[in-house]
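Participant: This is the content of entry_17.json (JSON, C-alpha atoms (C1' of nucleotides)):
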```
[["chain", "number", "residue", "atom", "x", "y", "z"],
["A", 1, "MET", "CA", 0.00, 0.00, 0.00],
["A", 2, "PRO", "CA", 1.77, 3.00, 1.17],
["A", 3, "GLU", "CA", 4.28, 4.57, -1.08],
["A", 4, "LEU", "CA", 6.13, 7.75, -0.22],
["A", 5, "PRO", "CA", 3.08, 10.08, -0.44],
["A", 6, "GLU", "CA", 1.06, 7.93, 1.93],
["A", 7, "VAL", "CA", 3.96, 7.68, 4.37],
["A", 8, "GLU", "CA", 4.51, 11.44, 4.20],
["A", 9, "THR", "CA", 0.78, 12.06, 4.70],
["A", 10, "THR", "CA", 0.93, 9.81, 7.74],
["A", 11, "ARG", "CA", 3.99, 11.65, 9.05],
["A", 12, "ARG", "CA", 2.30, 15.03, 8.72],
["A", 13, "GLY", "CA", -0.82, 13.81, 10.46],
["A", 14, "LEU", "CA", 1.13, 12.14, 13.21],
["A", 15, "ALA", "CA", 3.71, 14.79, 14.01],
["A", 16, "PRO", "CA", 1.47, 17.34, 15.77],
["A", 17, "HIS", "CA", 0.01, 14.61, 18.00],
["A", 18, "LEU", "CA", 3.36, 13.04, 18.87],
["A", 19, "GLN", "CA", 5.77, 15.92, 19.11],
["A", 20, "GLY", "CA", 6.50, 16.80, 22.71],
["A", 21, "GLN", "CA", 4.24, 14.01, 23.93],
["A", 22, "ARG", "CA", 5.33, 11.55, 26.57],
["A", 23, "VAL", "CA", 4.71, 7.92, 25.66],
["A", 24, "GLU", "CA", 3.02, 6.56, 28.79],
["A", 25, "ALA", "CA", 2.91, 2.96, 27.65],
["A", 26, "VAL", "CA", 3.51, 0.74, 24.66],
["A", 27, "ILE", "CA", 1.21, -2.16, 23.87],
["A", 28, "VAL", "CA", 2.52, -4.84, 21.53],
["A", 29, "ARG", "CA", -0.25, -7.30, 20.69],
["A", 30, "ASN", "CA", 1.54, -9.12, 17.92],
["A", 31, "ARG", "CA", 5.29, -9.14, 17.48],
["A", 32, "ALA", "CA", 5.19, -11.11, 14.24],
["A", 33, "LEU", "CA", 5.60, -8.36, 11.65],
["A", 34, "ARG", "CA", 8.02, -8.39, 8.70],
["A", 35, "TRP", "CA", 10.70, -8.68, 11.34],
["A", 36, "PRO", "CA", 9.80, -9.40, 14.94],
["A", 37, "VAL", "CA", 9.17, -6.34, 17.09],
["A", 38, "PRO", "CA", 12.17, -6.36, 19.48],
["A", 39, "ARG", "CA", 11.42, -7.91, 22.87],
["A", 40, "ASP", "CA", 12.59, -4.80, 24.68],
["A", 41, "PHE", "CA", 10.75, -2.37, 22.41],
["A", 42, "ALA", "CA", 8.13, -1.37, 24.98],
["A", 43, "ALA", "CA", 10.78, -0.87, 27.65],
["A", 44, "LYS", "CA", 12.87, 1.31, 25.34],
["A", 45, "VAL", "CA", 9.99, 3.58, 24.35],
["A", 46, "SER", "CA", 7.86, 3.79, 27.50],
["A", 47, "GLY", "CA", 8.40, 7.01, 29.40],
["A", 48, "ARG", "CA", 10.20, 8.71, 26.52],
["A", 49, "THR", "CA", 9.08, 12.03, 25.09],
["A", 50, "VAL", "CA", 8.88, 12.25, 21.31],
["A", 51, "ARG", "CA", 11.06, 14.97, 19.85],
["A", 52, "ALA", "CA", 10.22, 14.66, 16.17],
["A", 53, "VAL", "CA", 8.63, 12.49, 13.52],
["A", 54, "GLU", "CA", 10.72, 12.21, 10.38],
["A", 55, "ARG", "CA", 10.74, 10.15, 7.23],
["A", 56, "ARG", "CA", 13.37, 8.51, 5.05],
["A", 57, "GLY", "CA", 11.98, 6.85, 1.95],
["A", 58, "LYS", "CA", 9.03, 4.81, 3.14],
["A", 59, "TYR", "CA", 10.34, 4.56, 6.68],
["A", 60, "LEU", "CA", 8.90, 6.69, 9.47],
["A", 61, "LEU", "CA", 11.45, 7.69, 12.10],
["A", 62, "ILE", "CA", 10.32, 8.71, 15.55],
["A", 63, "ASP", "CA", 12.95, 10.47, 17.65],
["A", 64, "CYS", "CA", 12.57, 9.42, 21.27],
["A", 65, "GLY", "CA", 15.67, 11.18, 22.54],
["A", 66, "THR", "CA", 17.33, 7.96, 23.74],
["A", 67, "GLY", "CA", 16.89, 6.28, 20.35],
["A", 68, "TRP", "CA", 14.56, 6.07, 17.41],
["A", 69, "ILE", "CA", 11.55, 4.04, 16.40],
["A", 70, "ILE", "CA", 11.87, 2.85, 12.82],
["A", 71, "LEU", "CA", 8.48, 2.10, 11.37],
["A", 72, "HIS", "CA", 7.46, 0.70, 7.99],
["A", 73, "LEU", "CA", 3.88, 0.31, 6.84],
["A", 74, "GLY", "CA", 4.61, -2.52, 4.42],
["A", 75, "MET", "CA", 1.83, -3.31, 2.00],
["A", 76, "SER", "CA", -1.27, -2.89, 4.12],
["A", 77, "GLY", "CA", -0.25, -0.84, 7.14],
["A", 78, "SER", "CA", -1.60, 2.41, 8.48],
["A", 79, "LEU", "CA", -0.90, 4.42, 11.60],
["A", 80, "GLN", "CA", -3.73, 6.36, 13.15],
["A", 81, "ILE", "CA", -4.25, 8.67, 16.09],
["A", 82, "VAL", "CA", -7.32, 7.60, 18.07],
["A", 83, "PRO", "CA", -8.55, 8.15, 21.63],
["A", 84, "LYS", "CA", -7.25, 5.39, 23.87],
["A", 85, "SER", "CA", -10.81, 4.39, 24.71],
["A", 86, "VAL", "CA", -11.24, 3.03, 21.16],
["A", 87, "PRO", "CA", -11.03, -0.76, 21.42],
["A", 88, "ALA", "CA", -8.27, -2.41, 19.42],
["A", 89, "GLY", "CA", -9.26, -4.50, 16.42],
["A", 90, "LYS", "CA", -7.91, -7.76, 15.11],
["A", 91, "HIS", "CA", -5.09, -6.18, 13.11],
["A", 92, "ASP", "CA", -4.07, -3.48, 15.57],
["A", 93, "HIS", "CA", -0.63, -4.75, 16.50],
["A", 94, "VAL", "CA", 1.12, -1.88, 18.28],
["A", 95, "ASP", "CA", -0.12, 1.09, 20.32],
["A", 96, "LEU", "CA", 1.90, 4.03, 21.57],
["A", 97, "VAL", "CA", -0.22, 5.33, 24.43],
["A", 98, "LEU", "CA", 0.31, 9.07, 24.78],
["A", 99, "ALA", "CA", 0.00, 11.35, 27.81],
["A", 100, "SER", "CA", -2.65, 13.26, 25.86],
["A", 101, "GLY", "CA", -5.06, 10.35, 26.11],
["A", 102, "MET", "CA", -4.63, 9.47, 22.46],
["A", 103, "VAL", "CA", -2.84, 6.49, 21.02],
["A", 104, "ALA", "CA", -0.81, 6.11, 17.87],
["A", 105, "ARG", "CA", -2.09, 2.77, 16.62],
["A", 106, "LEU", "CA", -0.46, 0.59, 13.98],
["A", 107, "THR", "CA", -2.93, -1.47, 11.98],
["A", 108, "ASP", "CA", -1.55, -3.93, 9.44],
["A", 109, "PRO", "CA", -3.62, -6.90, 8.21],
["A", 110, "ARG", "CA", -0.87, -8.46, 6.12],
["A", 111, "ARG", "CA", 1.88, -7.77, 8.66],
["A", 112, "PHE", "CA", 4.50, -6.87, 6.07],
["A", 113, "GLY", "CA", 5.23, -3.75, 8.05],
["A", 114, "ALA", "CA", 7.95, -3.35, 10.67],
["A", 115, "VAL", "CA", 8.51, -1.72, 14.03],
["A", 116, "LEU", "CA", 12.16, -1.56, 15.04],
["A", 117, "TRP", "CA", 14.33, 0.28, 17.52],
["A", 118, "ALA", "CA", 17.56, 2.09, 16.63],
["A", 119, "PRO", "CA", 19.67, 3.07, 19.65],
["A", 120, "ASP", "CA", 21.41, 5.77, 17.60],
["A", 121, "ASP", "CA", 21.35, 7.37, 14.15],
["A", 122, "PRO", "CA", 18.59, 5.46, 12.33],
["A", 123, "LEU", "CA", 20.09, 6.44, 8.98],
["A", 124, "ARG", "CA", 22.95, 4.09, 9.80],
["A", 125, "HIS", "CA", 20.63, 1.18, 10.42],
["A", 126, "PRO", "CA", 21.33, -1.61, 7.88],
["A", 127, "LEU", "CA", 17.88, -1.16, 6.32],
["A", 128, "LEU", "CA", 18.43, 2.55, 5.71],
["A", 129, "ALA", "CA", 22.18, 3.00, 5.34],
["A", 130, "ARG", "CA", 22.38, 2.36, 1.61],
["A", 131, "LEU", "CA", 19.20, 4.05, 0.46],
["A", 132, "ALA", "CA", 19.30, 6.31, -2.59],
["A", 133, "PRO", "CA", 18.47, 10.04, -2.35],
["A", 134, "GLU", "CA", 15.01, 11.34, -1.56],
["A", 135, "PRO", "CA", 13.03, 12.00, -4.74],
["A", 136, "LEU", "CA", 11.97, 15.43, -3.50],
["A", 137, "GLY", "CA", 15.47, 16.40, -2.41],
["A", 138, "ALA", "CA", 18.15, 18.24, -4.38],
["A", 139, "GLN", "CA", 20.45, 15.20, -4.66],
["A", 140, "PHE", "CA", 18.01, 13.39, -6.88],
["A", 141, "ASP", "CA", 18.54, 14.98, -10.27],
["A", 142, "ALA", "CA", 19.02, 14.06, -13.91],
["A", 143, "ALA", "CA", 22.77, 13.60, -13.49],
["A", 144, "TRP", "CA", 22.24, 11.14, -10.65],
["A", 145, "LEU", "CA", 19.58, 9.16, -12.49],
["A", 146, "HIS", "CA", 21.68, 9.15, -15.64],
["A", 147, "ALA", "CA", 24.74, 7.88, -13.75],
["A", 148, "ARG", "CA", 22.78, 5.21, -11.90],
["A", 149, "THR", "CA", 21.25, 3.82, -15.07],
["A", 150, "ARG", "CA", 24.37, 3.62, -17.26],
["A", 151, "GLY", "CA", 25.12, 0.11, -18.41],
["A", 152, "ARG", "CA", 21.87, -1.22, -17.03],
["A", 153, "SER", "CA", 19.74, -3.38, -19.30],
["A", 154, "ALA", "CA", 16.85, -3.78, -16.85],
["A", 155, "ALA", "CA", 13.55, -2.04, -17.57],
["A", 156, "ILE", "CA", 13.46, 1.56, -16.38],
["A", 157, "LYS", "CA", 10.26, 0.74, -14.44],
["A", 158, "THR", "CA", 12.20, -1.79, -12.37],
["A", 159, "LEU", "CA", 14.96, 0.71, -11.62],
["A", 160, "VAL", "CA", 12.56, 3.51, -10.71],
["A", 161, "MET", "CA", 11.28, 1.15, -8.02],
["A", 162, "ASP", "CA", 14.79, 0.25, -6.85],
["A", 163, "SER", "CA", 15.59, 1.95, -3.55],
["A", 164, "HIS", "CA", 19.25, 2.17, -4.55],
["A", 165, "VAL", "CA", 18.27, 4.41, -7.47],
["A", 166, "VAL", "CA", 15.59, 6.52, -5.81],
["A", 167, "VAL", "CA", 13.53, 5.84, -2.69],
["A", 168, "GLY", "CA", 9.80, 5.97, -2.17],
["A", 169, "VAL", "CA", 8.52, 5.21, -5.64],
["A", 170, "GLY", "CA", 6.37, 2.08, -5.52],
["A", 171, "ASN", "CA", 4.32, 0.28, -8.09],
["A", 172, "ILE", "CA", 1.62, 2.91, -8.54],
["A", 173, "TYR", "CA", 3.76, 6.01, -8.77],
["A", 174, "ALA", "CA", 6.35, 4.27, -10.97],
["A", 175, "SER", "CA", 3.70, 3.70, -13.65],
["A", 176, "GLU", "CA", 2.25, 7.18, -13.19],
["A", 177, "SER", "CA", 5.63, 8.93, -13.35],
["A", 178, "LEU", "CA", 6.72, 7.08, -16.47],
["A", 179, "PHE", "CA", 3.47, 8.05, -18.12],
["A", 180, "HIS", "CA", 3.97, 11.72, -17.32],
["A", 181, "ALA", "CA", 7.54, 11.54, -18.62],
["A", 182, "GLY", "CA", 6.39, 9.87, -21.86],
["A", 183, "ILE", "CA", 8.75, 6.94, -21.30],
["A", 184, "HIS", "CA", 7.87, 3.32, -22.05],
["A", 185, "PRO", "CA", 8.23, 1.31, -18.81],
["A", 186, "GLY", "CA", 10.08, -1.48, -20.61],
["A", 187, "LEU", "CA", 12.84, 0.74, -21.97],
["A", 188, "ALA", "CA", 16.30, -0.53, -21.03],
["A", 189, "ALA", "CA", 17.37, 1.94, -18.36],
["A", 190, "GLY", "CA", 20.83, 2.40, -19.86],
["A", 191, "ARG", "CA", 19.31, 3.77, -23.04],
["A", 192, "LEU", "CA", 17.65, 6.70, -21.32],
["A", 193, "SER", "CA", 19.18, 9.97, -22.52],
["A", 194, "LEU", "CA", 20.12, 12.74, -20.12],
["A", 195, "VAL", "CA", 17.23, 14.85, -21.44],
["A", 196, "ARG", "CA", 14.79, 12.04, -20.74],
["A", 197, "CYS", "CA", 16.32, 11.54, -17.30],
["A", 198, "GLU", "CA", 15.50, 15.20, -16.72],
["A", 199, "LYS", "CA", 11.90, 14.57, -17.74],
["A", 200, "LEU", "CA", 11.62, 11.51, -15.56],
["A", 201, "VAL", "CA", 13.06, 13.23, -12.51],
["A", 202, "PHE", "CA", 10.61, 16.08, -13.03],
["A", 203, "ALA", "CA", 7.69, 13.66, -13.47],
["A", 204, "ILE", "CA", 8.57, 11.68, -10.34],
["A", 205, "ARG", "CA", 8.78, 14.87, -8.28],
["A", 206, "GLU", "CA", 5.56, 16.29, -9.66],
["A", 207, "THR", "CA", 3.65, 13.03, -9.28],
["A", 208, "LEU", "CA", 4.75, 12.49, -5.70],
["A", 209, "ALA", "CA", 4.20, 16.13, -4.75],
["A", 210, "ALA", "CA", 0.69, 16.11, -6.22],
["A", 211, "ALA", "CA", -0.10, 12.86, -4.40],
["A", 212, "ILE", "CA", 1.10, 14.30, -1.09],
["A", 213, "GLU", "CA", -1.02, 17.36, -1.77],
["A", 214, "ALA", "CA", -4.05, 15.09, -2.23],
["A", 215, "GLY", "CA", -3.34, 13.24, 1.02],
["A", 216, "GLY", "CA", -2.04, 10.16, -0.79],
["A", 217, "SER", "CA", -3.98, 7.41, -2.51],
["A", 218, "SER", "CA", -6.49, 5.16, -0.83],
["A", 219, "LEU", "CA", -6.81, 1.68, -2.26],
["A", 220, "ARG", "CA", -8.56, -0.80, -0.03],
["A", 221, "ASN", "CA", -7.84, 0.29, 3.49],
["A", 222, "TYR", "CA", -5.28, 3.08, 3.52],
["A", 223, "VAL", "CA", -6.08, 6.10, 5.71],
["A", 224, "GLY", "CA", -3.84, 8.86, 7.00],
["A", 225, "ALA", "CA", -3.07, 9.46, 10.66],
["A", 226, "GLU", "CA", -6.30, 11.41, 11.11],
["A", 227, "GLY", "CA", -8.31, 8.60, 9.57],
["A", 228, "ARG", "CA", -8.95, 10.45, 6.34],
["A", 229, "PRO", "CA", -8.63, 8.57, 3.08],
["A", 230, "GLY", "CA", -6.40, 10.01, 0.35],
["A", 231, "GLU", "CA", -7.85, 11.29, -2.89],
["A", 232, "PHE", "CA", -5.03, 10.86, -5.38],
["A", 233, "GLN", "CA", -6.33, 7.58, -6.81],
["A", 234, "HIS", "CA", -8.95, 9.59, -8.72],
["A", 235, "THR", "CA", -6.11, 11.24, -10.61],
["A", 236, "TYR", "CA", -4.45, 8.09, -11.98],
["A", 237, "PHE", "CA", -3.64, 8.26, -15.66],
["A", 238, "VAL", "CA", -2.58, 4.64, -16.12],
["A", 239, "TYR", "CA", -2.43, 2.65, -12.88],
["A", 240, "GLY", "CA", -5.19, 0.06, -12.76],
["A", 241, "ARG", "CA", -6.70, 1.43, -15.98],
["A", 242, "GLN", "CA", -5.97, -1.47, -18.33],
["A", 243, "GLY", "CA", -8.38, -1.31, -21.27],
["A", 244, "ASP", "CA", -9.60, 2.16, -20.31],
["A", 245, "LEU", "CA", -8.79, 5.03, -22.63],
["A", 246, "CYS", "CA", -5.78, 7.28, -22.17],
["A", 247, "ARG", "CA", -6.90, 10.63, -20.76],
["A", 248, "LEU", "CA", -4.57, 12.41, -23.20],
["A", 249, "CYS", "CA", -4.81, 10.55, -26.49],
["A", 250, "GLY", "CA", -7.68, 8.05, -26.20],
["A", 251, "THR", "CA", -5.57, 4.93, -26.81],
["A", 252, "ALA", "CA", -6.42, 1.89, -24.68],
["A", 253, "ILE", "CA", -4.11, 1.57, -21.67],
["A", 254, "LYS", "CA", -2.06, -1.62, -21.66],
["A", 255, "ALA", "CA", -0.63, -3.75, -18.89],
["A", 256, "LEU", "CA", 2.69, -5.57, -18.62],
["A", 257, "ARG", "CA", 4.58, -7.33, -15.89],
["A", 258, "HIS", "CA", 8.01, -6.36, -14.66],
["A", 259, "GLY", "CA", 9.46, -8.54, -11.94],
["A", 260, "GLN", "CA", 6.11, -9.97, -10.85],
["A", 261, "ARG", "CA", 4.59, -6.51, -10.57],
["A", 262, "SER", "CA", 1.93, -5.19, -12.88],
["A", 263, "THR", "CA", 2.81, -2.15, -14.95],
["A", 264, "PHE", "CA", 0.37, 0.09, -16.81],
["A", 265, "PHE", "CA", 1.17, 2.38, -19.72],
["A", 266, "CYS", "CA", -0.17, 4.15, -22.78],
["A", 267, "PRO", "CA", 1.41, 2.66, -25.90],
["A", 268, "THR", "CA", 0.95, 5.95, -27.76],
["A", 269, "CYS", "CA", 2.08, 8.50, -25.19],
["A", 270, "GLN", "CA", 5.00, 6.41, -23.92],
["A", 271, "ARG", "CA", 7.89, 5.59, -26.21],
["A", 272, "ARG", "CA", 11.00, 3.44, -25.96],
["B", 1, "DC", "C1'", -10.98, -22.78, -5.24],
["B", 2, "DG", "C1'", -7.12, -19.73, -7.39],
["B", 3, "DC", "C1'", -5.49, -15.41, -8.22],
["B", 4, "DC", "C1'", -4.60, -10.83, -7.15],
["B", 5, "DA", "C1'", -2.96, -6.88, -4.11],
["B", 6, "DG", "C1'", 0.43, -0.54, -2.48],
["B", 7, "DG", "C1'", 6.86, -3.76, -0.02],
["B", 8, "DC", "C1'", 11.04, -5.63, 0.32],
["B", 9, "DC", "C1'", 14.40, -9.03, 1.79],
["B", 10, "DT", "C1'", 16.90, -13.47, 0.48],
["B", 11, "DG", "C1'", 18.64, -16.86, -2.52],
["B", 12, "DC", "C1'", 19.15, -19.13, -6.86],
["B", 13, "DA", "C1'", 20.62, -20.05, -11.81],
["B", 14, "DC", "C1'", 22.33, -17.96, -15.64],
["B", 15, "DG", "C1'", 25.11, -15.19, -18.87],
["B", 16, "DC", "C1'", 28.59, -12.07, -19.68],
["C", 1, "DT", "C1'", 35.61, -14.33, -10.19],
["C", 2, "DG", "C1'", 32.06, -11.25, -9.70],
["C", 3, "DC", "C1'", 28.59, -8.63, -11.34],
["C", 4, "DG", "C1'", 23.69, -7.68, -13.12],
["C", 5, "DT", "C1'", 19.49, -9.86, -14.04],
["C", 6, "DG", "C1'", 15.14, -12.22, -13.74],
["C", 7, "DC", "C1'", 13.06, -15.24, -11.20],
["C", 8, "DA", "C1'", 10.90, -17.73, -7.11],
["C", 9, "DG", "C1'", 9.93, -17.73, -2.40],
["C", 10, "DG", "C1'", 8.98, -15.88, 1.92],
["C", 11, "DC", "C1'", 6.47, -12.97, 5.23],
["C", 12, "DC", "C1'", 0.57, -12.55, 5.73],
["C", 13, "DT", "C1'", -4.70, -11.43, 5.21],
["C", 14, "DG", "C1'", -8.50, -10.38, 2.47],
["C", 15, "DG", "C1'", -11.32, -9.51, -1.64],
["C", 16, "DC", "C1'", -13.08, -11.05, -5.93]]
```
For the file at hand, write its structure as structure tokens.
Facilitator:
Amino acid sequence: MPELPEVETTRRGLAPHLQGQRVEAVIVRNRALRWPVPRDFAAKVSGRTVRAVERRGKYLLIDCGTGWIILHLGMSGSLQIVPKSVPAGKHDHVDLVLASGMVARLTDPRRFGAVLWAPDDPLRHPLLARLAPEPLGAQFDAAWLHARTRGRSAAIKTLVMDSHVVVGVGNIYASESLFHAGIHPGLAAGRLSLVRCEKLVFAIRETLAAAIEAGGSSLRNYVGAEGRPGEFQHTYFVYGRQGDLCRLCGTAIKALRHGQRSTFFCPTCQRR
DNA sequence: CGCCAGGCCTGCACGC
DNA sequence: TGCGTGCAGGCCTGGC
């Protein structure tokens, strides 16, 4: 589910409720996430006051002063702020009970998400240490994308989703960005010219920024921290639109598979 | 029943 | 030898 825009939407919704709040208690109902929630997680976090809620790629980072919570929403996760009187449901695995009387509650039916503890700089954690630049940051530019794709024969779609090339772009926004850049998803990445790298970088930034603006996309069960669904899915040009007509040229949208993931594109607007 | 689903790690065989 | 690459598999539940 959540790609960068959904994670950023969650971060923005969460931050005002968490910042400066003391975590009175931590309830772990199910440790069996993507990786087990550390046994001492509750002990590490209880009693700490949250300094900041940050994000790196699709990871949420909660600064507890004495260490950081590293949180990933996986495929089906969401993190919501609710009053602590709200009873926990079947898929509510972790609660941070706040002094304010609210809880930050992690819900994740498929349990592909993660809740980890980093005693120091979370950016040095093995999962984060080798991540590519942020797509909305200055480091991610045409020169970077061009350099990272030289000599690569894999489809550009695959590389756009590779966190060593750029972080945060998942299956939906990869298809959408390539559409906006006019690039065929199956193009061998190494054949992308610098000018087209420029277009793709621009398209990725614009697509993600617009999605954040819309509060992310809601497919199935995604909701932001305040429980509001995102609206960006109404703006899709290609994702999930196989057989529907291209909003720009009227050609039927086609589907492909790259690395077991479905890809959608307009055969007229997108060229190799 | 089988297949699909927004993520991401590991491991394998293969070809250069 | 060591990459890059495309797979399959794993972690899970739920909807069609």
Participant: Work out how far atom C1' of B:DG15 is from atom CA of A:Val169, in Å to one decimal.
Facilitator: 29.4 Å
Participant: When you draw a straight line from atom CA of A:Val238 to atom CA of A:Gly137, how long is it in Å?
Facilitator: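 Separation of atom CA of A:Val238 and atom CA of A:Gly137: 25.5 Å.
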Participant: When you look at B:DA5 with a cut-off of 12 Å (counting all atoms listed in the file), what residues show up, excluding the ones that are within fewer than 2 positions of it in the same chain? I need them as a list of chain:residue names.
Facilitator: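 Final neighbour list, sorted by chain and number: A:Met1, A:Met75, A:Ser76, A:Arg110, A:Asn171, A:Ile172, A:Leu219, A:Arg220, A:Asn221, A:Gly240, A:Gln260, A:Arg261, A:Ser262, B:DC3, B:DG7, C:DC12, C:DT13, C:DG14, C:DG15, C:DC16.
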Participant: Output the contact residues of chain A with respect to chain C at a cut-off of 6 Å, based on only C-alpha atoms (C1' of nucleotides), as a PDB file with C-alpha atoms, keeping the file's coordinate frame.
Facilitator:
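Result file part35.pdb:
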```pdb
ATOM      1  CA  ARG A  34       8.020  -8.390   8.700  1.00  0.00           C
ATOM      2  CA  PRO A 109      -3.620  -6.900   8.210  1.00  0.00           C
ATOM      3  CA  ARG A 110      -0.870  -8.460   6.120  1.00  0.00           C
ATOM      4  CA  ARG A 111       1.880  -7.770   8.660  1.00  0.00           C
TER       5      ARG A 111
END
```
Participant: What lies within 10 Å of stretch 173-187 of chain A using only C-alpha atoms (C1' of nucleotides), ignoring chain neighbours under 2 positions off, as a ChimeraX atom specification?
Facilitator: /A:3-5,153-161,168-171,189-192,196-208,211,235-240,256-258,262-272 /B:6
Participant: Between A:Asp244, A:Asp162, A:Glu24, A:Glu231, which one has atoms that come closest to chain B, using all atoms listed in the file?
Facilitator: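 Of A:Asp244, A:Asp162, A:Glu24, A:Glu231, the one nearest chain B is A:Asp162, counting all atoms listed in the file.
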Participant: Given all atoms listed in the file as the basis, pick out the residue of A:Val97, A:Ala42, A:Val166, A:Ile81 nearest to A:Pro135.
Facilitator: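 Of all the options, A:Val166 lies closest to A:Pro135.
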Participant: Give the answer as one residue: which of A:Trp68, A:Tyr222, A:Phe232, A:Trp144 has the shortest atom-to-atom distance to chain B, using all atoms listed in the file?
Facilitator: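 Residue with the minimum atom-to-atom distance to chain B: A:Tyr222.
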Participant: For A:Ile70, which of A:Val167, A:Thr107, A:Arg55, A:Gln19 is the closest residue, counting only C-alpha atoms?
Facilitator: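 Counting only C-alpha atoms, the residue closest to A:Ile70 is A:Arg55.
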Participant: If I take atom CA of A:Ala32 and atom CA of A:Phe112, how far is one from the other in Å, to one decimal?
Facilitator: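 For atom CA of A:Ala32 relative to atom CA of A:Phe112, the distance reads 9.2 Å.
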Participant: Padding of 8 Å on every side, edges along x, y and z, all listed atoms of stretch 3-10 of chain B included: what centre and edge lengths in Å, to one decimal, does that box have, as AutoDock Vina command-line options?
Facilitator:
```
--center_x 5.7 --center_y -8.0 --center_z -3.2 --size_x 38.4 --size_y 30.9 --size_z 26.0
```
Participant: Can you list, as a PyMOL selection string, every protein, DNA or RNA residue that comes within 9 Å of A:Leu79 when you count all atoms listed in the file, leaving out same-chain residues fewer than 3 positions away?
Facilitator: chain A and resi 10+14+73+104-108+223-227
Participant: Pick the closest to chain B from A:Ala118, A:Ala143, A:Ser218, A:Leu60: which is it, counting all atoms listed in the file?
Facilitator: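 Among A:Ala118, A:Ala143, A:Ser218, A:Leu60, it is A:Ser218 that comes nearest to chain B.
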Participant: Since the input lacks atoms, please generate all heavy atoms for stretch 209-213 of chain A and provide them as a PDB file, in the coordinates of the input.
Facilitator:
```
ATOM      1  N   ALA A 209       4.635  14.896  -5.419  1.00  0.00           N
ATOM      2  CA  ALA A 209       4.200  16.130  -4.750  1.00  0.00           C
ATOM      3  C   ALA A 209       2.689  16.287  -4.860  1.00  0.00           C
ATOM      4  O   ALA A 209       2.011  16.661  -3.883  1.00  0.00           O
ATOM      5  CB  ALA A 209       4.928  17.334  -5.347  1.00  0.00           C
ATOM      6  N   ALA A 210       2.147  15.994  -6.025  1.00  0.00           N
ATOM      7  CA  ALA A 210       0.690  16.110  -6.220  1.00  0.00           C
ATOM      8  C   ALA A 210      -0.049  15.100  -5.349  1.00  0.00           C
ATOM      9  O   ALA A 210      -1.111  15.395  -4.793  1.00  0.00           O
ATOM     10  CB  ALA A 210       0.347  15.915  -7.689  1.00  0.00           C
ATOM     11  N   ALA A 211       0.533  13.901  -5.227  1.00  0.00           N
ATOM     12  CA  ALA A 211      -0.100  12.860  -4.400  1.00  0.00           C
ATOM     13  C   ALA A 211      -0.084  13.256  -2.925  1.00  0.00           C
ATOM     14  O   ALA A 211      -1.068  13.044  -2.209  1.00  0.00           O
ATOM     15  CB  ALA A 211       0.583  11.521  -4.623  1.00  0.00           C
ATOM     16  N   ILE A 212       1.023  13.838  -2.487  1.00  0.00           N
ATOM     17  CA  ILE A 212       1.100  14.300  -1.090  1.00  0.00           C
ATOM     18  C   ILE A 212       0.047  15.374  -0.865  1.00  0.00           C
ATOM     19  O   ILE A 212      -0.674  15.383   0.138  1.00  0.00           O
ATOM     20  CB  ILE A 212       2.511  14.832  -0.763  1.00  0.00           C
ATOM     21  CG1 ILE A 212       3.517  13.689  -0.754  1.00  0.00           C
ATOM     22  CG2 ILE A 212       2.515  15.560   0.582  1.00  0.00           C
ATOM     23  CD1 ILE A 212       4.980  14.126  -0.712  1.00  0.00           C
ATOM     24  N   GLU A 213      -0.046  16.275  -1.834  1.00  0.00           N
ATOM     25  CA  GLU A 213      -1.020  17.360  -1.770  1.00  0.00           C
ATOM     26  C   GLU A 213      -2.447  16.830  -1.607  1.00  0.00           C
ATOM     27  O   GLU A 213      -3.269  17.404  -0.907  1.00  0.00           O
ATOM     28  CB  GLU A 213      -0.914  18.165  -3.082  1.00  0.00           C
ATOM     29  CG  GLU A 213      -1.458  19.557  -3.021  1.00  0.00           C
ATOM     30  CD  GLU A 213      -0.687  20.435  -2.035  1.00  0.00           C
ATOM     31  OE1 GLU A 213       0.548  20.238  -1.876  1.00  0.00           O
ATOM     32  OE2 GLU A 213      -1.324  21.279  -1.412  1.00  0.00           O
TER      33      GLU A 213
END
```
